[in-house]
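I have placed the structure first, in the form of structure tokens, so that the comments after it can refer back to it.
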Amino acid sequence: METIISIKPLMAVLVSLLVIPALISSSDKPNVRESWIFVAGTINLLLILSMLPVILAGKQIALTLFEFAPGAAIAFRVDGLGMLFAIVAASLYIVTSIYSIGYMRGLNEHGQTRFVSFFALAISATIGAAFSANLLTLYLFYEILSLATYPLVAHHQDEKSRISGRRYLTFILGTSIALVLPAMIYCYHVTGTLEFSTAGIFADQLSKPAATVLLLMFVFGFAKAGIMPFHTWLPAAMVAPTPVSALLHAVAVVKVGVFSIVRVMTGIFGVDLLADFNLGVVVMSIASVTILTASCIALSQDELKRRLAYSTISQLSYIIFGVALLSPQGQLGGVIHIAMHAFGKITLFFCAGAIFVATGKKYISQMSGLGKKMPFTFAAFFVGALGVIGLPPTGGFYSKWNLILGTLEAEQTIFMLVLLVSSFLNAFYFLPIVYKGFFGKSEEENEGTPVKIQEANLCLVIPLIITAIISIVLFFYPTVFVNLIKVGLGI
Amino acid sequence: MDNYPVLIVVAPLLAALFSGLAVWIEERLSYPIALTGLAISVFSAFNVLLQVITSGPIQYRMAGWAPPMGIEYRIDLLNAMVLLLVSSIGFLNLVASYKSVKQEIYDRAPSFYIVYLLFMTGLLGVTATGDLFNLYVLIEITSLTSYAMVALGDRDRGPLASLNYVFIGVIGASFYLLGVGYLYMQTGSLNMADVAHILQSHQESSIVLTAFILCIIGLWIKMAFFPMHVWLPNAYSYSPVAFARVVAPLMTKVMVYVMIRLMITVFGLDYIFKSPFLADAVVWLASIAIIFGAVMALAQKNLKKMLAYIIVCEIGYMVGGAWMGNQLGMTGAILHILNDALMTFAMFLAVGNIVYKLKDVELFNLTGLFGKMPWTMAGFVLAAFSIIGVPPTCGFFSKWYLILGAFEKGAYHFAAALVISSLICAVLFFRVFEICFFPPISEDSGHKKSHSPVVMAEAPVSMLIVSGLVSLSLIVVGLYSGTIVNTIIIPFLK
Amino acid sequence: MTDLLPLIVAKYNYWLYVILMMIGLYAMIAKNNLIKKVVGMNIFQTAIILFYVSIGYKKDATLPIIQNAHGGQDAHAAVIHAIDYINPLPHVLMLTAIVVSVATFGVAMALAVRIYQRYQTLEEDELRMRLSEK
């Protein structure tokens, strides 16, 4: 495979980092500050897109920064998977920035400069994780991301956010230090390298029990992926302002967790080793438990953001599930779900935030009839819900379709059942919200006052319409992402 | 210039003399003289390091007397690195100390500077010398000055803490002296290289074994290795901040250096690891030290005491790494001397800034500090990350080598202890962050309350600059740890 | 037991220094009065000095001063046997060690004075009580 040396990946990581001083220095001029964000976000996206043709042509872009021991370096390597993830994160960052202007100003939040600065840092770390060439670099950015999001989760600085922040860190930092770090160093001890390669880094050095333990340490250790029982930080993190929940806890942070697990399974262990030891089924079982349990819990949640959080937990496991199928079709379906779920779920979160800003309502039970007041928001919510459930005409259908084909290809019929049941559950907890929103009666209607359209401000509505439209577009044109995955996984 | 090796040590000594004399003329002169002395030291150390890297170890004969009769300064890669580290930290701390000394020990500032210079002389001498007895004398110079310094601190508890420190310090130094006596009985020499040469033919001697055990125990007491650590928390937390900042990162680390020097240069690793039992026992003890230090740190309510126990924990890292008996562990231990000195220094600089503003560092007093002292806290956060071992700060990389070494030896308990201590440190520091991040809890706290704008009240610029520099160096050293290992540590161990 | 006694007698100097050291250590640990502790510390250091002095000594040897070394008549004629002289090096080392121990003693006494000035007592338990009241 041809490799091109370029500093573009480094620049893409640094752009959002370098803009932070500018953000801080213009903290008393909000408009200047926000325009800096867009400048950085746009440059970031353009840099990433400029690498796209090269990657699609089957080449890779690499850059080694610091090699501190043979096989353990801080290095970037852009391949199809990383590219896919980076495009999703960088493009949604711009959309979320528009949204967060509307949200933060609409609620007159405090500490906005701190908020946008740490947001930029989080994005920088996400791009870094996407472009990591080895496990060490990935771990580095994973940790930076954990730490950068703490001030965002605890943004309100009240008792509730203190408790949530604590739980957030305990789970995310605790698991990564206690499980991933020793596992990673053990890998290095055994093989002398941490470089991702499609063949895996282990040549017969691992016995089956050792491989199982190691894999489980990684799967549970990357707790950002929300595998049960290390999932409770995610609902807790919903105390954060909605832009954080939308971008970080539906896209960037959680998907860095999933992405890390995918990388470890495909790049460290390698598909062949997993298949030899029959470890795919182990991971799939763990993922299935999470998929079903989280969906059931989601049914019982009345707070909209918490319901979305549990839905995210279950959807994240789809991705791991797909990769663990170890069949080309399943892996394609799993990985592409990173993108499809991102666009769907962020739409849902945007809607939840817009409803909160416009009406102050957080609970689903209060939302009946709101669809007439906020038709655009609820229409977008419907599209987002379809995307997550996996129904046409949204991109979510494409990933679910491939996942189910994957189970057939891998001859795991029982697991196909898991997918189907879970899809039903998804429909159960999302569609009633839409139905009640449009056809239910609100208190005002009961009192007989006529309903007027009363959307949230434009900065909130435009982003959610954009992401909803993209979800639909992805149903018709998933080609770029599909090609990226095929290039990335060599399938 | 050929005299750089000795200039490193003599410059602060002469500066101490001159600033003592200068006090009779004008009190304010003592500070610039001290600064000049240490600046010369740093410059010489830097040159020596370059020289050693390019053309190998330097032997410097005091007054031209040939060893083993004369005293020899022998500088190889290891102590060239430690010399540069010690002199730079001494110099930077002096820059940051001007204001805090003025505030804390206003009436005795000149004596502070003189004693400080003597302390630095001692530390640099310990690092540079190649003579076992000379080493003892210099250790005692370092200790005597630090007794005096501790007594200068907290006016209530300082003297008693210092006196207890004296007792334990004397026991430690005496054990070492006794060990040297036994070595002399066997070899008739005091020059390290000479002793090492003669010891080759006395591998089985019980006198050598006694000497070794006595020396190592003496050093363990001096470096506060568990369970001989009891003196450290009080001594460090009651001393003046300007001194705590330098003694905490340097004193124990230099003692670890001496231990590694004795292990590698004098007794030889083959001799020490001949019977696996001893090394295993020490590694176990180190694991216990790590856990104990971390747990005790968790129980503290005062930031300075908390950090003092973290030092106890970190000493466990280095002793364990050095006794691992493989190159990876030793690499980790040596790298950690550098990293731990830097991160402890960064940590204490931040604490110094906080003390300058708040007068005390009881944890519950620190609320809302991120708003009040953002720059100081940025330094604090970086140092904390390094202690926890978050990449790319340097603490991660030494931990990396230590854990790899533990895996290679099969000492999984040591690896587990490292991981657990990282976790405890994470809890510890995030507890502090949480206190500093959240505003004081008030009755009407709720989501919609108005956050009153926080007034910034930062420490003086000189302290901030030093603190910022050192904190950034944690990342730089972390990123270049590959270079450090490849150009200094591995060639040294070969 | 029959073997032990000759062993003790033959190396009595080591036993003596060990006993002295233990006395010093005991005083430092167990005594309540700070001055007594300081005295214990001094005994401890002196024990080591004695150890060094005794290892330099040889039976039937004389002081390490060479007769007429500086231009006497038969200075060059006499053959110098190292075995005839006591080893001077440990003794010289101990000059330094004595200086160190005196300095330590001085610092310790100065600290004791400071403590006494502040609390009017040198008993450690009383001091602890006073400190915990604060």
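In the structure tokens, chains take letters A, B, ... by order of appearance, with residues numbered from 1 within each chain and ligands from 1 in the order shown.
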
Legend entry - Exercise: Gly122 (chain B) partners within 9 Å, only C-alpha atoms, chain neighbours under 4 positions left out, as number ranges by chain: B: 9, 13, 117-118, 126-127, 137-143, 145

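Near Met367 (chain A), within a cut-off of 10 Å and counting only C-alpha atoms, sit the residues Leu304, Ile355, Thr359, Lys361, Lys362, Tyr363, Gly371, Ile433, Val434, Lys436, Gly437, Phe438, Gly440, Lys441, Ser442 and Glu443 of chain A, with same-chain residues fewer than 4 positions away left out.
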
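With only C-alpha atoms taken into account, the protein and nucleic acid residues at most 7 Å from Ala287 (chain A) (excluding it and anything under 5 positions from it in its own chain) are Ile227, Ser317, Ile320 and Phe321 of chain A.
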
Suppose we keep N, CA and C atoms; can you now write the selection as a compact mmCIF listing (two decimals), in the first residue's frame?
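The result, written out as result_34.txt:
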# COMPACT_ATOMS: atom_id res chain seq x y z
N ILE A 227 -20.24 0.12 26.64
CA ILE A 227 -20.61 -1.28 26.83
C ILE A 227 -21.01 -1.47 28.29
N SER A 317 -23.42 -0.20 20.48
CA SER A 317 -23.07 -1.62 20.47
C SER A 317 -23.34 -2.26 19.12
N ILE A 320 -20.03 -2.19 17.35
CA ILE A 320 -19.11 -3.23 17.84
C ILE A 320 -19.60 -4.60 17.40
N PHE A 321 -20.90 -4.76 17.48
CA PHE A 321 -21.55 -6.00 17.05
C PHE A 321 -21.18 -6.30 15.60

Inset, instruction - Give me, as an MDAnalysis selection string, the contact residues of chain A against chain B at a cut-off of 10 Å, counting only C-alpha atoms. - result: chainID A and resid 65:70 72:74 107:111 136:137 139:144 147 151 154:162 165:166 169:170 173:179 181:182 184:190

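Near chain B, within 7 Å and using only C-alpha atoms, the residues of chain C are Met41, Gln45, Ile48, Tyr52, Thr104, Ala108, Leu111, Arg114 and Ile115 of chain C.
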
Legend entry - Near-Phe105 (chain C) list (9 Å; only C-alpha atoms; drop same-chain fewer than 6 positions) as a ChimeraX atom specification: /C:38-39,41-42

Please report, as a short mmCIF file (atom, residue, chain, number, x, y, z; two decimals) with N, CA and C atoms, in the first residue's frame, each residue of region 155-250 of chain B to which DSSP assigns alpha helix (DSSP H) when run on this structure's backbone.
data_model
loop_
_atom_site.label_atom_id
_atom_site.label_comp_id
_atom_site.auth_asym_id
_atom_site.auth_seq_id
_atom_site.Cartn_x
_atom_site.Cartn_y
_atom_site.Cartn_z
N GLY B 158 7.90 24.04 62.81
CA GLY B 158 9.15 23.89 62.08
C GLY B 158 10.28 23.30 62.91
N PRO B 159 10.65 23.92 64.06
CA PRO B 159 11.80 23.42 64.81
C PRO B 159 11.66 21.96 65.23
N LEU B 160 10.49 21.57 65.71
CA LEU B 160 10.33 20.18 66.15
C LEU B 160 10.42 19.22 64.96
N ALA B 161 9.74 19.61 63.86
CA ALA B 161 9.83 18.76 62.66
C ALA B 161 11.28 18.63 62.23
N SER B 162 12.00 19.74 62.32
CA SER B 162 13.39 19.73 61.91
C SER B 162 14.22 18.83 62.81
N LEU B 163 13.97 18.89 64.13
CA LEU B 163 14.76 18.09 65.05
C LEU B 163 14.54 16.60 64.80
N ASN B 164 13.29 16.24 64.56
CA ASN B 164 13.03 14.83 64.24
C ASN B 164 13.71 14.43 62.95
N TYR B 165 13.74 15.36 62.02
CA TYR B 165 14.42 15.13 60.75
C TYR B 165 15.91 14.92 61.01
N VAL B 166 16.48 15.71 61.94
CA VAL B 166 17.90 15.56 62.28
C VAL B 166 18.17 14.14 62.76
N PHE B 167 17.35 13.67 63.70
CA PHE B 167 17.60 12.34 64.28
C PHE B 167 17.62 11.28 63.18
N ILE B 168 16.58 11.31 62.34
CA ILE B 168 16.50 10.26 61.33
C ILE B 168 17.58 10.44 60.28
N GLY B 169 17.85 11.70 59.95
CA GLY B 169 18.90 11.96 58.96
C GLY B 169 20.24 11.44 59.44
N VAL B 170 20.52 11.62 60.73
CA VAL B 170 21.80 11.16 61.27
C VAL B 170 21.87 9.64 61.21
N ILE B 171 20.77 8.99 61.53
CA ILE B 171 20.80 7.52 61.47
C ILE B 171 21.09 7.07 60.05
N GLY B 172 20.42 7.71 59.09
CA GLY B 172 20.63 7.32 57.70
C GLY B 172 22.07 7.51 57.28
N ALA B 173 22.59 8.70 57.56
CA ALA B 173 23.95 8.99 57.13
C ALA B 173 24.94 8.07 57.83
N SER B 174 24.67 7.76 59.11
CA SER B 174 25.61 6.91 59.84
C SER B 174 25.63 5.50 59.26
N PHE B 175 24.46 5.01 58.89
CA PHE B 175 24.43 3.68 58.27
C PHE B 175 25.28 3.68 57.01
N TYR B 176 25.11 4.72 56.23
CA TYR B 176 25.90 4.79 55.00
C TYR B 176 27.39 4.82 55.33
N LEU B 177 27.75 5.63 56.32
CA LEU B 177 29.16 5.77 56.69
C LEU B 177 29.71 4.42 57.15
N LEU B 178 28.90 3.71 57.92
CA LEU B 178 29.30 2.39 58.39
C LEU B 178 29.55 1.45 57.21
N GLY B 179 28.64 1.52 56.25
CA GLY B 179 28.79 0.68 55.06
C GLY B 179 30.09 0.99 54.34
N VAL B 180 30.38 2.28 54.22
CA VAL B 180 31.62 2.67 53.56
C VAL B 180 32.82 2.12 54.34
N GLY B 181 32.71 2.15 55.68
CA GLY B 181 33.78 1.61 56.51
C GLY B 181 34.04 0.14 56.19
N TYR B 182 32.98 -0.64 56.08
CA TYR B 182 33.16 -2.06 55.76
C TYR B 182 33.77 -2.23 54.38
N LEU B 183 33.32 -1.40 53.45
CA LEU B 183 33.89 -1.49 52.11
C LEU B 183 35.38 -1.20 52.15
N TYR B 184 35.72 -0.22 52.96
CA TYR B 184 37.12 0.15 53.06
C TYR B 184 37.93 -0.99 53.67
N MET B 185 37.33 -1.65 54.67
CA MET B 185 38.00 -2.81 55.29
C MET B 185 38.35 -3.84 54.23
N GLN B 186 37.42 -4.06 53.32
CA GLN B 186 37.65 -5.11 52.34
C GLN B 186 38.59 -4.68 51.23
N THR B 187 38.44 -3.41 50.81
CA THR B 187 39.15 -3.02 49.59
C THR B 187 40.31 -2.07 49.83
N MET B 192 35.32 5.16 43.84
CA MET B 192 34.28 4.23 43.39
C MET B 192 34.80 3.25 42.34
N ALA B 193 35.48 3.78 41.34
CA ALA B 193 35.94 2.91 40.25
C ALA B 193 36.94 1.89 40.78
N ASP B 194 37.83 2.38 41.66
CA ASP B 194 38.84 1.52 42.25
C ASP B 194 38.20 0.41 43.09
N VAL B 195 37.25 0.82 43.93
CA VAL B 195 36.54 -0.15 44.77
C VAL B 195 35.87 -1.20 43.90
N ALA B 196 35.21 -0.73 42.84
CA ALA B 196 34.50 -1.66 41.97
C ALA B 196 35.48 -2.67 41.38
N HIS B 197 36.63 -2.17 41.00
CA HIS B 197 37.63 -3.04 40.41
C HIS B 197 38.09 -4.11 41.40
N ILE B 198 38.36 -3.67 42.65
CA ILE B 198 38.85 -4.62 43.65
C ILE B 198 37.75 -5.61 44.03
N LEU B 199 36.50 -5.13 44.06
CA LEU B 199 35.40 -6.00 44.49
C LEU B 199 35.21 -7.20 43.57
N SER B 206 31.47 -11.88 53.01
CA SER B 206 30.31 -11.44 53.78
C SER B 206 30.47 -9.98 54.19
N ILE B 207 31.71 -9.52 54.25
CA ILE B 207 31.91 -8.10 54.58
C ILE B 207 31.30 -7.22 53.50
N VAL B 208 31.48 -7.61 52.25
CA VAL B 208 30.93 -6.81 51.16
C VAL B 208 29.41 -6.79 51.24
N LEU B 209 28.86 -7.95 51.56
CA LEU B 209 27.40 -8.01 51.67
C LEU B 209 26.91 -7.07 52.76
N THR B 210 27.59 -7.12 53.94
CA THR B 210 27.23 -6.22 55.03
C THR B 210 27.32 -4.78 54.57
N ALA B 211 28.44 -4.45 53.92
CA ALA B 211 28.64 -3.08 53.46
C ALA B 211 27.50 -2.67 52.54
N PHE B 212 27.16 -3.55 51.64
CA PHE B 212 26.11 -3.22 50.67
C PHE B 212 24.78 -2.95 51.37
N ILE B 213 24.43 -3.86 52.29
CA ILE B 213 23.14 -3.70 52.96
C ILE B 213 23.12 -2.42 53.78
N LEU B 214 24.22 -2.15 54.49
CA LEU B 214 24.25 -0.93 55.31
C LEU B 214 24.13 0.32 54.45
N CYS B 215 24.88 0.37 53.36
CA CYS B 215 24.82 1.55 52.48
C CYS B 215 23.40 1.76 51.97
N ILE B 216 22.81 0.66 51.48
CA ILE B 216 21.49 0.79 50.86
C ILE B 216 20.45 1.21 51.89
N ILE B 217 20.53 0.64 53.10
CA ILE B 217 19.55 1.03 54.12
C ILE B 217 19.73 2.50 54.47
N GLY B 218 20.98 2.90 54.61
CA GLY B 218 21.24 4.32 54.89
C GLY B 218 20.61 5.21 53.83
N LEU B 219 20.79 4.84 52.58
CA LEU B 219 20.23 5.66 51.51
C LEU B 219 18.71 5.61 51.51
N TRP B 220 18.16 4.44 51.80
CA TRP B 220 16.70 4.34 51.84
C TRP B 220 16.12 5.27 52.89
N ILE B 221 16.81 5.35 54.03
CA ILE B 221 16.32 6.28 55.05
C ILE B 221 16.37 7.70 54.50
N LYS B 222 17.45 8.03 53.84
CA LYS B 222 17.60 9.39 53.31
C LYS B 222 16.59 9.68 52.21
N MET B 223 16.21 8.67 51.44
CA MET B 223 15.28 8.95 50.35
C MET B 223 13.83 8.70 50.76
N TRP B 231 9.79 10.64 58.43
CA TRP B 231 10.24 12.01 58.65
C TRP B 231 9.78 12.95 57.55
N LEU B 232 9.54 12.40 56.36
CA LEU B 232 9.40 13.27 55.20
C LEU B 232 8.18 14.19 55.20
N PRO B 233 6.98 13.65 55.45
CA PRO B 233 5.82 14.53 55.30
C PRO B 233 5.89 15.77 56.20
N ASN B 234 6.28 15.58 57.45
CA ASN B 234 6.34 16.75 58.32
C ASN B 234 7.43 17.71 57.88
N ALA B 235 8.61 17.16 57.62
CA ALA B 235 9.74 18.03 57.28
C ALA B 235 9.42 18.86 56.05
N TYR B 236 8.81 18.23 55.05
CA TYR B 236 8.57 18.98 53.81
C TYR B 236 7.41 19.95 53.94
N SER B 237 6.41 19.57 54.70
CA SER B 237 5.26 20.46 54.67
C SER B 237 5.41 21.63 55.64
N TYR B 238 6.35 21.56 56.62
CA TYR B 238 6.51 22.71 57.50
C TYR B 238 7.66 23.61 57.08
N VAL B 241 8.04 27.62 51.78
CA VAL B 241 7.69 27.16 50.44
C VAL B 241 8.87 27.24 49.49
N ALA B 242 9.66 28.32 49.60
CA ALA B 242 10.78 28.49 48.68
C ALA B 242 11.75 27.32 48.79
N PHE B 243 11.83 26.72 49.97
CA PHE B 243 12.72 25.58 50.13
C PHE B 243 12.01 24.27 49.79
N ALA B 244 10.76 24.16 50.20
CA ALA B 244 10.01 22.94 49.88
C ALA B 244 10.02 22.69 48.38
N ARG B 245 9.93 23.77 47.62
CA ARG B 245 9.91 23.65 46.16
C ARG B 245 11.15 22.98 45.62
N VAL B 246 12.29 23.14 46.31
CA VAL B 246 13.50 22.56 45.75
C VAL B 246 13.86 21.24 46.45
N VAL B 247 13.53 21.14 47.73
CA VAL B 247 13.92 19.91 48.43
C VAL B 247 13.03 18.75 48.00
N ALA B 248 11.77 19.05 47.76
CA ALA B 248 10.86 17.96 47.40
C ALA B 248 11.24 17.31 46.08
N PRO B 249 11.50 18.08 45.04
CA PRO B 249 11.89 17.39 43.81
C PRO B 249 13.30 16.83 43.85
N LEU B 250 14.22 17.46 44.57
CA LEU B 250 15.62 17.09 44.38
C LEU B 250 16.19 16.12 45.40
#

Inset, instruction - Output as number ranges by chain all residues of chain C that backbone DSSP marks as strand (DSSP E or B). - result: C: 33, 62, 85, 123

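Distance-wise, CA of Thr42 (chain A) and CA of Ala90 (chain A) end up 8.4 Å apart.
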
Inset, instruction - Fewer than 6 positions away in the same chain doesn't count, so skip those; otherwise give me all residues within 9 Å of Met104 (chain A), counting only C-alpha atoms, as an MDAnalysis selection string. - result: chainID A and resid 110 112 241 243

Inset, instruction - Would you list the contacts of region 17-22 of chain B as a PyMOL selection string, taking every protein, DNA or RNA residue within 12 Å and counting only C-alpha atoms, but skipping same-chain residues closer than 5 positions in sequence? - result: chain B and resi 10-12+27-37+109-118+121

Go ahead and dump the residues you just picked, N, CA and C atoms, as a PDB file, in the first residue's frame.
ATOM      1  N   VAL B  10      31.651  24.281  42.643  1.00  0.00           N
ATOM      2  CA  VAL B  10      32.332  25.350  43.371  1.00  0.00           C
ATOM      3  C   VAL B  10      31.623  26.691  43.214  1.00  0.00           C
ATOM      4  N   ALA B  11      30.990  26.912  42.053  1.00  0.00           N
ATOM      5  CA  ALA B  11      30.343  28.212  41.843  1.00  0.00           C
ATOM      6  C   ALA B  11      29.329  28.546  42.928  1.00  0.00           C
ATOM      7  N   PRO B  12      28.395  27.650  43.251  1.00  0.00           N
ATOM      8  CA  PRO B  12      27.472  27.997  44.334  1.00  0.00           C
ATOM      9  C   PRO B  12      28.175  28.113  45.694  1.00  0.00           C
ATOM     10  N   GLU B  27      22.583  44.355  52.212  1.00  0.00           N
ATOM     11  CA  GLU B  27      21.819  43.114  52.293  1.00  0.00           C
ATOM     12  C   GLU B  27      21.264  42.670  50.957  1.00  0.00           C
ATOM     13  N   ARG B  28      20.905  43.661  50.122  1.00  0.00           N
ATOM     14  CA  ARG B  28      20.232  43.299  48.880  1.00  0.00           C
ATOM     15  C   ARG B  28      21.156  42.606  47.883  1.00  0.00           C
ATOM     16  N   LEU B  29      22.459  42.687  48.150  1.00  0.00           N
ATOM     17  CA  LEU B  29      23.400  42.081  47.200  1.00  0.00           C
ATOM     18  C   LEU B  29      23.337  40.556  47.191  1.00  0.00           C
ATOM     19  N   SER B  30      22.895  39.976  48.302  1.00  0.00           N
ATOM     20  CA  SER B  30      23.011  38.521  48.409  1.00  0.00           C
ATOM     21  C   SER B  30      22.212  37.801  47.322  1.00  0.00           C
ATOM     22  N   TYR B  31      21.069  38.367  46.942  1.00  0.00           N
ATOM     23  CA  TYR B  31      20.249  37.667  45.954  1.00  0.00           C
ATOM     24  C   TYR B  31      20.911  37.595  44.583  1.00  0.00           C
ATOM     25  N   PRO B  32      21.364  38.745  44.013  1.00  0.00           N
ATOM     26  CA  PRO B  32      22.004  38.628  42.699  1.00  0.00           C
ATOM     27  C   PRO B  32      23.253  37.743  42.704  1.00  0.00           C
ATOM     28  N   ILE B  33      23.991  37.771  43.815  1.00  0.00           N
ATOM     29  CA  ILE B  33      25.180  36.909  43.854  1.00  0.00           C
ATOM     30  C   ILE B  33      24.766  35.444  43.796  1.00  0.00           C
ATOM     31  N   ALA B  34      23.759  35.116  44.571  1.00  0.00           N
ATOM     32  CA  ALA B  34      23.279  33.730  44.567  1.00  0.00           C
ATOM     33  C   ALA B  34      22.835  33.323  43.163  1.00  0.00           C
ATOM     34  N   LEU B  35      22.124  34.233  42.529  1.00  0.00           N
ATOM     35  CA  LEU B  35      21.613  33.953  41.194  1.00  0.00           C
ATOM     36  C   LEU B  35      22.761  33.707  40.219  1.00  0.00           C
ATOM     37  N   THR B  36      23.786  34.548  40.309  1.00  0.00           N
ATOM     38  CA  THR B  36      24.936  34.383  39.418  1.00  0.00           C
ATOM     39  C   THR B  36      25.604  33.031  39.647  1.00  0.00           C
ATOM     40  N   GLY B  37      25.804  32.702  40.917  1.00  0.00           N
ATOM     41  CA  GLY B  37      26.466  31.443  41.232  1.00  0.00           C
ATOM     42  C   GLY B  37      25.755  30.274  40.593  1.00  0.00           C
ATOM     43  N   ALA B 109      16.103  36.954  54.953  1.00  0.00           N
ATOM     44  CA  ALA B 109      16.295  36.598  53.544  1.00  0.00           C
ATOM     45  C   ALA B 109      17.746  36.270  53.202  1.00  0.00           C
ATOM     46  N   PRO B 110      18.739  37.100  53.604  1.00  0.00           N
ATOM     47  CA  PRO B 110      20.117  36.757  53.216  1.00  0.00           C
ATOM     48  C   PRO B 110      20.534  35.391  53.732  1.00  0.00           C
ATOM     49  N   SER B 111      20.185  35.083  54.982  1.00  0.00           N
ATOM     50  CA  SER B 111      20.605  33.766  55.477  1.00  0.00           C
ATOM     51  C   SER B 111      19.929  32.656  54.682  1.00  0.00           C
ATOM     52  N   PHE B 112      18.702  32.927  54.244  1.00  0.00           N
ATOM     53  CA  PHE B 112      18.058  31.924  53.400  1.00  0.00           C
ATOM     54  C   PHE B 112      18.887  31.659  52.157  1.00  0.00           C
ATOM     55  N   TYR B 113      19.316  32.727  51.514  1.00  0.00           N
ATOM     56  CA  TYR B 113      20.046  32.525  50.254  1.00  0.00           C
ATOM     57  C   TYR B 113      21.354  31.791  50.484  1.00  0.00           C
ATOM     58  N   ILE B 114      22.042  32.134  51.584  1.00  0.00           N
ATOM     59  CA  ILE B 114      23.328  31.479  51.835  1.00  0.00           C
ATOM     60  C   ILE B 114      23.115  29.985  52.056  1.00  0.00           C
ATOM     61  N   VAL B 115      22.174  29.666  52.924  1.00  0.00           N
ATOM     62  CA  VAL B 115      21.938  28.257  53.211  1.00  0.00           C
ATOM     63  C   VAL B 115      21.464  27.535  51.952  1.00  0.00           C
ATOM     64  N   TYR B 116      20.661  28.230  51.182  1.00  0.00           N
ATOM     65  CA  TYR B 116      20.167  27.646  49.932  1.00  0.00           C
ATOM     66  C   TYR B 116      21.320  27.271  49.018  1.00  0.00           C
ATOM     67  N   LEU B 117      22.275  28.196  48.887  1.00  0.00           N
ATOM     68  CA  LEU B 117      23.430  27.928  48.023  1.00  0.00           C
ATOM     69  C   LEU B 117      24.230  26.739  48.536  1.00  0.00           C
ATOM     70  N   LEU B 118      24.406  26.673  49.865  1.00  0.00           N
ATOM     71  CA  LEU B 118      25.160  25.545  50.418  1.00  0.00           C
ATOM     72  C   LEU B 118      24.428  24.237  50.151  1.00  0.00           C
ATOM     73  N   THR B 121      25.108  23.317  46.697  1.00  0.00           N
ATOM     74  CA  THR B 121      26.481  22.812  46.600  1.00  0.00           C
ATOM     75  C   THR B 121      26.520  21.336  46.979  1.00  0.00           C
TER      76      THR B 121
END

Legend entry - Close residues, Gly329 (chain B) itself excluded, 6 Å, only C-alpha atoms, min 4 positions apart in chain, as a ChimeraX atom specification: /B:321-322,324,402,405

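Between CA of Asn31 (chain A) and CA of Thr149 (chain A) the separation is 23.6 Å.
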
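Interatomic distance, CA of Glu362 (chain B) against CA of Ser146 (chain A): 27.7 Å.
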